[in-house]
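Source file: protein.csv; contents: CSV, C-alpha atoms.
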chain,number,residue,atom,x,y,z
A,1,MET,CA,-48.3,9.9,163.0
A,2,ASP,CA,-46.2,10.4,159.9
A,3,ILE,CA,-48.5,11.2,157.0
A,4,PHE,CA,-45.7,11.3,154.3
A,5,THR,CA,-45.1,8.5,151.8
A,6,ASP,CA,-41.8,10.2,150.8
A,7,SER,CA,-39.1,12.2,152.5
A,8,VAL,CA,-36.3,14.7,152.0
A,9,ASP,CA,-34.1,11.7,151.0
A,10,LEU,CA,-35.8,12.0,147.6
A,11,LEU,CA,-34.3,15.4,147.2
A,12,THR,CA,-30.8,14.4,148.1
A,13,LYS,CA,-31.0,11.5,145.6
A,14,TYR,CA,-31.1,14.1,142.8
A,15,PHE,CA,-29.3,17.0,144.5
A,16,PRO,CA,-26.5,15.3,146.5
A,17,THR,CA,-24.7,18.6,147.0
A,18,LEU,CA,-27.4,20.2,149.2
A,19,ASN,CA,-25.8,21.5,152.4
A,20,ASP,CA,-27.0,20.9,155.9
A,21,SER,CA,-28.9,24.2,156.1
A,22,GLN,CA,-30.8,23.4,152.9
A,23,LYS,CA,-31.6,19.9,154.0
A,24,ALA,CA,-32.8,21.1,157.4
A,25,ALA,CA,-35.1,23.7,155.7
A,26,TYR,CA,-36.6,21.1,153.3
A,27,GLU,CA,-37.0,18.7,156.2
A,28,ALA,CA,-38.9,21.4,158.1
A,29,LEU,CA,-41.3,22.0,155.2
A,30,GLY,CA,-43.0,18.6,155.9
A,31,ALA,CA,-44.3,19.5,159.3
A,32,LEU,CA,-45.0,23.1,158.3
A,33,TYR,CA,-47.2,22.3,155.3
A,34,ALA,CA,-48.9,19.4,157.1
A,35,ASP,CA,-49.9,21.8,159.9
A,36,TRP,CA,-51.0,24.7,157.7
A,37,ASN,CA,-52.8,22.4,155.3
A,38,SER,CA,-54.9,21.1,158.2
A,39,LYS,CA,-56.2,24.8,158.6
A,40,ILE,CA,-56.0,26.1,155.1
A,41,ASN,CA,-56.2,23.9,152.0
A,42,VAL,CA,-53.1,24.8,150.0
A,43,ILE,CA,-52.4,21.3,148.8
A,44,SER,CA,-55.0,18.7,148.0
A,45,ARG,CA,-55.6,16.9,151.3
A,46,SER,CA,-55.4,13.5,149.5
A,47,ASP,CA,-52.0,14.5,148.1
A,48,VAL,CA,-50.2,16.2,151.0
A,49,GLY,CA,-48.5,12.9,151.9
A,50,ASN,CA,-46.7,13.1,148.6
A,51,LEU,CA,-45.3,16.6,149.5
A,52,TYR,CA,-41.7,15.8,148.7
A,53,SER,CA,-42.2,14.1,145.4
A,54,ARG,CA,-45.2,15.9,143.8
A,55,HIS,CA,-44.6,19.4,145.2
A,56,ILE,CA,-41.1,20.0,146.4
A,57,LEU,CA,-39.2,17.8,143.9
A,58,HIS,CA,-41.5,18.9,141.2
A,59,SER,CA,-40.7,22.5,142.0
A,60,LEU,CA,-37.0,21.7,141.9
A,61,ALA,CA,-37.3,20.4,138.3
A,62,LEU,CA,-36.8,24.1,137.5
A,63,ALA,CA,-33.5,24.0,139.4
A,64,ALA,CA,-32.4,21.0,137.4
A,65,PHE,CA,-33.3,23.0,134.3
A,66,PHE,CA,-31.6,26.3,135.3
A,67,GLY,CA,-28.5,24.8,136.7
A,68,ASP,CA,-26.3,27.5,138.4
A,69,LEU,CA,-27.9,31.0,138.6
A,70,SER,CA,-25.8,34.1,139.1
A,71,SER,CA,-26.0,35.9,142.5
A,72,GLY,CA,-28.7,38.6,142.3
A,73,THR,CA,-30.8,36.9,139.7
A,74,THR,CA,-34.5,37.8,140.2
A,75,ILE,CA,-37.4,35.5,139.8
A,76,LEU,CA,-41.2,36.2,140.0
A,77,ASP,CA,-43.5,33.2,140.9
A,78,ILE,CA,-47.0,33.9,139.5
A,79,GLY,CA,-49.9,32.1,141.3
A,80,THR,CA,-47.6,30.6,143.9
A,81,GLY,CA,-50.5,29.3,146.1
A,82,GLY,CA,-48.8,28.1,149.3
A,83,GLY,CA,-45.4,28.7,147.8
A,84,PHE,CA,-44.7,26.4,144.9
A,85,PRO,CA,-42.4,26.5,143.1
A,86,GLY,CA,-41.0,29.6,144.8
A,87,ILE,CA,-40.2,28.4,148.3
A,88,PRO,CA,-38.3,25.2,147.3
A,89,LEU,CA,-36.4,27.2,144.7
A,90,ALA,CA,-35.6,30.0,147.3
A,91,ILE,CA,-34.1,27.3,149.6
A,92,PHE,CA,-32.1,25.9,146.7
A,93,TYR,CA,-30.8,29.3,145.5
A,94,PRO,CA,-30.1,31.5,148.6
A,95,GLU,CA,-28.3,34.1,146.4
A,96,VAL,CA,-31.3,34.6,144.1
A,97,GLN,CA,-34.1,37.0,144.9
A,98,PHE,CA,-37.7,35.7,144.7
A,99,HIS,CA,-41.0,37.5,144.6
A,100,LEU,CA,-44.1,35.4,145.1
A,101,ILE,CA,-47.6,36.6,144.2
A,102,ASP,CA,-51.1,35.1,144.4
A,103,ARG,CA,-54.6,36.4,144.2
A,104,ILE,CA,-55.8,34.4,147.3
A,105,GLY,CA,-54.8,36.1,150.5
A,106,LYS,CA,-54.9,33.1,152.8
A,107,LYS,CA,-52.6,31.1,150.5
A,108,ILE,CA,-50.0,33.8,150.2
A,109,LYS,CA,-50.2,34.2,154.0
A,110,VAL,CA,-49.3,30.5,154.3
A,111,ALA,CA,-46.4,31.0,151.9
A,112,GLY,CA,-45.1,33.9,154.0
A,113,GLU,CA,-45.4,32.0,157.3
A,114,VAL,CA,-43.6,29.0,155.9
A,115,ALA,CA,-40.8,31.1,154.5
A,116,ALA,CA,-40.4,32.9,157.8
A,117,ALA,CA,-40.4,29.6,159.8
A,118,VAL,CA,-37.4,28.2,157.8
A,119,GLY,CA,-35.6,31.6,157.9
A,120,LEU,CA,-35.7,32.5,154.2
A,121,GLU,CA,-34.4,36.1,153.7
A,122,ASN,CA,-34.5,36.1,149.9
A,123,VAL,CA,-38.3,36.0,149.4
A,124,THR,CA,-40.9,38.7,149.3
A,125,PHE,CA,-44.7,38.3,148.9
A,126,GLN,CA,-47.6,40.1,147.3
A,127,HIS,CA,-51.3,39.5,147.6
A,128,GLY,CA,-52.8,40.4,144.3
A,129,ASP,CA,-52.9,40.0,140.5
A,130,VAL,CA,-49.6,39.9,138.5
A,131,GLY,CA,-50.9,43.1,136.8
A,132,GLU,CA,-50.4,44.8,140.1
A,133,CYS,CA,-46.7,43.9,140.1
A,134,HIS,CA,-44.7,46.6,138.3
A,135,ARG,CA,-41.2,45.2,138.6
A,136,LYS,CA,-39.1,43.4,136.1
A,137,PHE,CA,-37.4,40.1,136.7
A,138,ASP,CA,-34.9,37.8,135.0
A,139,TYR,CA,-37.4,34.9,135.0
A,140,VAL,CA,-41.1,34.4,135.7
A,141,VAL,CA,-42.0,30.9,136.9
A,142,SER,CA,-45.3,29.2,137.6
A,143,ARG,CA,-46.8,25.8,138.2
A,144,ALA,CA,-50.0,24.8,136.5
A,145,VAL,CA,-51.5,28.3,136.8
A,146,MET,CA,-53.2,29.0,133.4
A,147,PRO,CA,-52.8,28.2,129.7
A,148,LEU,CA,-49.5,29.3,128.1
A,149,GLU,CA,-50.9,32.1,126.0
A,150,GLY,CA,-52.6,33.7,129.1
A,151,LEU,CA,-49.4,33.4,131.1
A,152,LEU,CA,-47.3,35.1,128.5
A,153,LYS,CA,-49.8,38.0,128.3
A,154,ALA,CA,-50.0,38.2,132.1
A,155,CYS,CA,-46.2,38.5,132.6
A,156,SER,CA,-45.2,40.3,129.4
A,157,ARG,CA,-44.3,43.5,131.3
A,158,ASN,CA,-42.4,41.7,134.1
A,159,VAL,CA,-39.5,40.1,132.2
A,160,TYR,CA,-36.3,41.9,131.2
A,161,THR,CA,-35.7,41.9,127.4
A,162,ALA,CA,-32.0,42.3,128.1
A,163,SER,CA,-29.9,41.1,131.0
A,164,ALA,CA,-26.2,41.3,132.1
A,165,ARG,CA,-26.6,38.1,134.2
A,166,LYS,CA,-24.4,35.3,133.1
A,167,ASN,CA,-27.0,32.6,133.3
A,168,ARG,CA,-27.4,29.6,131.0
A,169,TYR,CA,-30.8,30.9,129.7
A,170,HIS,CA,-32.0,34.2,128.5
A,171,PRO,CA,-34.7,36.0,130.5
A,172,GLY,CA,-38.1,34.5,130.0
A,173,LEU,CA,-41.0,32.4,131.3
A,174,VAL,CA,-40.3,29.0,132.7
A,175,CYS,CA,-43.3,27.0,133.8
A,176,LEU,CA,-44.3,23.5,135.0
A,177,LYS,CA,-47.1,21.9,133.1
A,178,GLY,CA,-48.6,18.5,132.5
A,179,GLY,CA,-50.3,16.6,129.7
A,180,ASP,CA,-50.4,17.3,125.9
A,181,LEU,CA,-49.4,20.9,125.4
A,182,LYS,CA,-49.5,20.9,121.6
A,183,GLU,CA,-52.5,23.3,121.3
A,184,GLU,CA,-51.2,25.6,124.0
A,185,ILE,CA,-47.8,25.9,122.3
A,186,GLU,CA,-49.3,26.4,118.9
A,187,ALA,CA,-51.5,29.3,120.2
A,188,VAL,CA,-48.5,31.5,121.1
A,189,ASP,CA,-46.5,33.7,118.8
A,190,ARG,CA,-43.1,32.9,120.3
A,191,ALA,CA,-40.8,29.9,120.0
A,192,VAL,CA,-41.1,27.5,122.9
A,193,LEU,CA,-38.7,24.9,124.3
A,194,GLU,CA,-40.5,21.9,125.9
A,195,ILE,CA,-38.4,19.7,128.2
A,196,PRO,CA,-39.8,16.5,129.8
A,197,VAL,CA,-39.3,16.5,133.6
A,198,SER,CA,-38.5,12.8,133.2
A,199,ASP,CA,-35.2,13.9,131.6
A,200,PHE,CA,-34.2,14.8,135.2
A,201,PHE,CA,-36.3,12.6,137.5
A,202,ALA,CA,-37.2,8.9,137.2
A,203,GLU,CA,-40.4,8.7,139.3
A,204,GLU,CA,-43.6,7.6,137.4
A,205,PHE,CA,-45.4,10.8,138.4
A,206,PHE,CA,-43.1,12.9,136.2
A,207,LYS,CA,-43.7,11.0,133.0
A,208,THR,CA,-46.5,13.4,132.0
A,209,LYS,CA,-44.9,16.6,133.3
A,210,GLN,CA,-43.1,19.2,131.2
A,211,ILE,CA,-40.9,22.3,131.7
A,212,VAL,CA,-41.9,25.0,129.2
A,213,TYR,CA,-39.3,27.7,128.5
A,214,VAL,CA,-40.2,30.8,126.5
A,215,PRO,CA,-37.2,33.2,126.1
A,216,PHE,CA,-38.1,36.9,125.8
A,217,ILE,CA,-35.0,38.0,123.9
A,218,GLY,CA,-35.3,38.0,120.1
A,219,ASN,CA,-37.9,35.3,120.1
A,220,LYS,CA,-40.8,35.3,117.6
A,221,LYS,CA,-42.0,32.3,115.6
A,222,LYS,CA,-40.7,32.2,112.1

Could you write out this structure as structure tokens?
Amino acid sequence: MDIFTDSVDLLTKYFPTLNDSQKAAYEALGALYADWNSKINVISRSDVGNLYSRHILHSLALAAFFGDLSSGTTILDIGTGGGFPGIPLAIFYPEVQFHLIDRIGKKIKVAGEVAAAVGLENVTFQHGDVGECHRKFDYVVSRAVMPLEGLLKACSRNVYTASARKNRYHPGLVCLKGGDLKEEIEAVDRAVLEIPVSDFFAEEFFKTKQIVYVPFIGNKKK
């Protein structure tokens, strides 16, 4: 029995240039996450039927924000859980290198198994805390992991402060959050750009969702 209330068609509605390989990979995520979630709770069991809208498309809000990314761009996904937003983004950007990290071993195992099943070759995985990751990246991404101040402290050593990449945005933190973020933003000492996800997607779910971008180059509050 099909448990999903949405489908890959929702992705092609907003990203009509997805190729057949990408569409097949996104299609496969449905059965993969349904199966893994029955064994290991990586998505709320009451919410897994909304996989394409509330998890995959939500992750792809970052693709709508980034636009084109240069080949070889590197992205660290902190607290990826079962692979969000990293795996949907890795399918979208096959020429970008992703590193997914999570403290919970069974969740990062699911992410690795899902990535292998859809043939992703641009993703690596790490079980542990971000403090155990000693590499630098063009961007750090996350989805509803921790308050903004904590995220910035956690990833401060993992973002380049200069980059030769010809991307639209300077290196920095780009995260998905929900609700009123005024206090979180006021608590940090860097300038922050806040973009409603509803600027990109029309579904009701996204009306309270935000993309938060904090560039790491020449960025301190006045």

Near segment 207-211 of chain A, 9 Å: segment 39-128 of chain A residue rows, closest pairs, all atoms listed in the file, as CSV:
residue,atom,partner,partner_atom,distance
A:His58,CA,A:Lys209,CA,8.9
A:Ala61,CA,A:Ile211,CA,7.8
A:Leu62,CA,A:Ile211,CA,7.3
A:Phe65,CA,A:Ile211,CA,8.1

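Atom pair atom CA of Thr73 of chain A / atom CA of Arg157 of chain A has a distance of 17.2 Å (rounded to one decimal).
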
* Pick out the closest residue to Lys23 of chain A from this set: A:Gly67, A:Pro88, A:Gly178, A:Gly72. Count only C-alpha atoms. =>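 Of A:Gly67, A:Pro88, A:Gly178, A:Gly72, the one nearest Lys23 of chain A, counting only C-alpha atoms, is A:Pro88.
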
* **Contacts of Tyr14 of chain A within 9 Å, all atoms listed in the file, excl. fewer than 2 positions in-chain, as a list in words** =>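 The residues that qualify are Leu10, Leu11, Thr12, Pro16, Thr17, Leu57, Ala64, Phe200 and Phe201 of chain A.
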
* Å distance separating atom CA of Val114 of chain A from atom CA of Leu32 of chain A, one decimal place -> 6.5 Å

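Nearest to Glu184 of chain A of all the residues A:Glu149, A:Glu204, A:Asp199, A:Asp35 is A:Glu149, based on all atoms listed in the file.
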
* To do: For Leu148 of chain A, please output as a PyMOL selection string all residues within 8 Å (counting only C-alpha atoms; exclusion window: fewer than 2 positions along the same chain).
  => chain A and resi 146+150-152+184-185+188

* **Spatial neighbours of Ile101 of chain A, 9 Å, only C-alpha atoms, chain gap at least 5 places, as a PyMOL selection string** => chain A and resi 76-81+83+108+124-130+133

* Asked: Hey, can you check how far atom CA of Ile104 of chain A sits from atom CA of Ala116 of chain A?
  ->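 Those two atoms sit 18.7 Å apart.
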
* In the coordinate frame of the file, compute which residues have an atom within 6 Å of (-36.3, 31.2, 142.1) when using all atoms listed in the file, and state them as an MDAnalysis selection string. => chainID A and resid 75 86 89:90 98

* Which of these, A:Leu69, A:Val123, A:Val96, A:Glu203, has the shortest distance to Lys13 of chain A once you count all atoms listed in the file? ->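 Answer, going by the shortest atom-to-atom distance: A:Glu203.
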
* To do: Would you please work out which residue, of A:Val42, A:Ala117, A:Ile217, A:Ala144, is nearest to Tyr160 of chain A when using all atoms listed in the file?
  =>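 Looking at the shortest contact to Tyr160 of chain A, the residue is A:Ile217.
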
* Which protein, DNA or RNA residues have an atom at most 12 Å from (-59.3, 27.0, 155.6), counting only C-alpha atoms? List them as a list in words. -> Asp35, Trp36, Asn37, Ser38, Lys39, Ile40, Asn41, Val42, Ile43, Arg45, Ile104, Gly105, Lys106, Lys107, Lys109 and Val110 of chain A

* **Long-range neighbours of Val174 of chain A as a PyMOL selection string, 10 Å cut-off, only C-alpha atoms, 5 positions minimum in chain** => chain A and resi 62+65-66+77+139-143+192-194+211-215

Any chance you can output those residues with C-alpha atoms as an mmCIF file, keeping the file's coordinate frame?
data_model
loop_
_atom_site.group_PDB
_atom_site.id
_atom_site.type_symbol
_atom_site.label_atom_id
_atom_site.label_comp_id
_atom_site.auth_asym_id
_atom_site.auth_seq_id
_atom_site.Cartn_x
_atom_site.Cartn_y
_atom_site.Cartn_z
ATOM 1 C CA LEU A 62 -36.800 24.100 137.500
ATOM 2 C CA PHE A 65 -33.300 23.000 134.300
ATOM 3 C CA PHE A 66 -31.600 26.300 135.300
ATOM 4 C CA ASP A 77 -43.500 33.200 140.900
ATOM 5 C CA TYR A 139 -37.400 34.900 135.000
ATOM 6 C CA VAL A 140 -41.100 34.400 135.700
ATOM 7 C CA VAL A 141 -42.000 30.900 136.900
ATOM 8 C CA SER A 142 -45.300 29.200 137.600
ATOM 9 C CA ARG A 143 -46.800 25.800 138.200
ATOM 10 C CA VAL A 192 -41.100 27.500 122.900
ATOM 11 C CA LEU A 193 -38.700 24.900 124.300
ATOM 12 C CA GLU A 194 -40.500 21.900 125.900
ATOM 13 C CA ILE A 211 -40.900 22.300 131.700
ATOM 14 C CA VAL A 212 -41.900 25.000 129.200
ATOM 15 C CA TYR A 213 -39.300 27.700 128.500
ATOM 16 C CA VAL A 214 -40.200 30.800 126.500
ATOM 17 C CA PRO A 215 -37.200 33.200 126.100
#

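Nearest residue to Glu95 of chain A among A:Ser156, A:Gln22, A:Asn122, A:Ser198 is A:Asn122, counting all atoms listed in the file.
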
* To do: Could you tell me which of A:Ile3, A:Ile195, A:Ile87, A:Ala25 comes closest to Ile56 of chain A if we count all atoms listed in the file?
  => A:Ile87
